[in-house]
Amino acid sequence: GESAGTDASSPIPAPKCPRGNFYLHPRPHGKKILVFGVPNGELSSRKSSIQQDIASFKQKIIFIDKRVPELEAEKKVATAARNFKEAARIATEAKSLCVEKENIQMEMDTATSNLEKLEEEIKGTLDKLQESEGMISLKEKELAMARYQKLLLTAATARAEKAAAQEMGDVEEANLLLAEAEAADCEAERIRSTYNFKAEDISNLRKDLVSMDLVSILDQKQLEKLDVSSSL
């Protein structure tokens, strides 16, 4: 197929294989995590907003803690100067700030509690995403294994048919079948290296196939000879 060229949108170069119909370009599953990360944008935005609120509450409390002692000092000065009206105003302002601080502290406690709950929700969401990611990765690997085994069988079948074509003197057909087998082998090897498949993963897969066309034209001794050579 034409996918044997380099795909600019893919971080993995396509394999340099003979032309054939076996090209598959499975992308490593880790590349897809960003797609699943999108729903977390809303949670992250809420978390950031709560954190900003808490920071603002802390700044207000710091201001009040600094301002109240100053007002107490100003009230003493006004009282000493017998300016009782000013002293009363200052006392009212100080009391108002203390009430405001209590309200801010309650709001900050609520915000802190909400932040803790939100962080637990984010963690739960990430855990679910990772679980889904693992399940998808497993399914993807299973599909890749099925594709890998099919390619190996395709290559083995093509080689068996090539042997039959050679036996019947059809050189052109034999060459085409060899190219098909090599293309399948090349793509199978690329999938194997991508998913790190081991030999034991395909231990039950036979590669020593014999074409029925070849069976029909060979006598018993020739078949026995072919069987021995294909088993080596």
# chains A, B, ... in the order shown; residues from 1 in each chain; ligands from 1
$ residues_around --residues "stretch 40-47 of chain A" --least-positions-apart "6" --cutoff "8 Å" --atoms "only C-alpha atoms" --output "list in words"
Leu115, Leu118, Glu119, Ile122 and Thr125 of chain A
$ residues_around --residues "stretch 84-98 of chain A" --least-positions-apart "4" --cutoff "8 Å" --atoms "only C-alpha atoms" --output "list of chain:residue names"
A:Ile64, A:Val68, A:Leu71, A:Glu72, A:Glu74, A:Lys75, A:Lys76, A:Ala78, A:Thr79, A:Glu102
$ write_last_selection --atoms "N, CA and C atoms" --output "CSV table (one decimal), in the first residue's frame"
chain,number,residue,atom,x,y,z
A,64,ILE,N,-5.7,42.0,58.2
A,64,ILE,CA,-6.5,42.2,59.5
A,64,ILE,C,-5.6,42.1,60.7
A,68,VAL,N,-5.5,45.4,63.1
A,68,VAL,CA,-6.2,45.5,64.4
A,68,VAL,C,-5.3,46.0,65.5
A,71,LEU,N,-5.0,49.7,65.1
A,71,LEU,CA,-6.2,50.4,65.5
A,71,LEU,C,-6.3,50.5,67.0
A,72,GLU,N,-5.8,49.4,67.7
A,72,GLU,CA,-5.8,49.5,69.2
A,72,GLU,C,-4.9,50.6,69.7
A,74,GLU,N,-4.1,53.3,68.0
A,74,GLU,CA,-4.7,54.6,67.7
A,74,GLU,C,-5.8,54.9,68.7
A,75,LYS,N,-6.6,53.9,69.1
A,75,LYS,CA,-7.7,54.1,70.1
A,75,LYS,C,-7.1,54.6,71.4
A,76,LYS,N,-6.0,54.0,71.8
A,76,LYS,CA,-5.3,54.5,73.1
A,76,LYS,C,-4.9,55.9,73.0
A,78,ALA,N,-6.3,58.2,71.0
A,78,ALA,CA,-7.5,59.1,71.0
A,78,ALA,C,-8.1,59.2,72.4
A,79,THR,N,-8.1,58.1,73.1
A,79,THR,CA,-8.6,58.1,74.5
A,79,THR,C,-7.8,59.0,75.4
A,102,GLU,N,-13.4,36.5,61.2
A,102,GLU,CA,-14.0,35.2,61.6
A,102,GLU,C,-14.8,34.7,60.4
$ closest_residue --among "A:Met145, A:Glu189, A:Phe57, A:Leu177" --to "A:Glu161" --atoms "only C-alpha atoms"
A:Leu177
$ closest_residue --among "A:Ser48, A:Phe197, A:Glu107, A:Ala188" --to "A:Leu153" --atoms "only C-alpha atoms"
A:Ala188
$ closest_residue --among "A:Glu142, A:Glu121, A:Glu182, A:Tyr148" --to "A:Lys162" --atoms "only C-alpha atoms"
A:Glu182
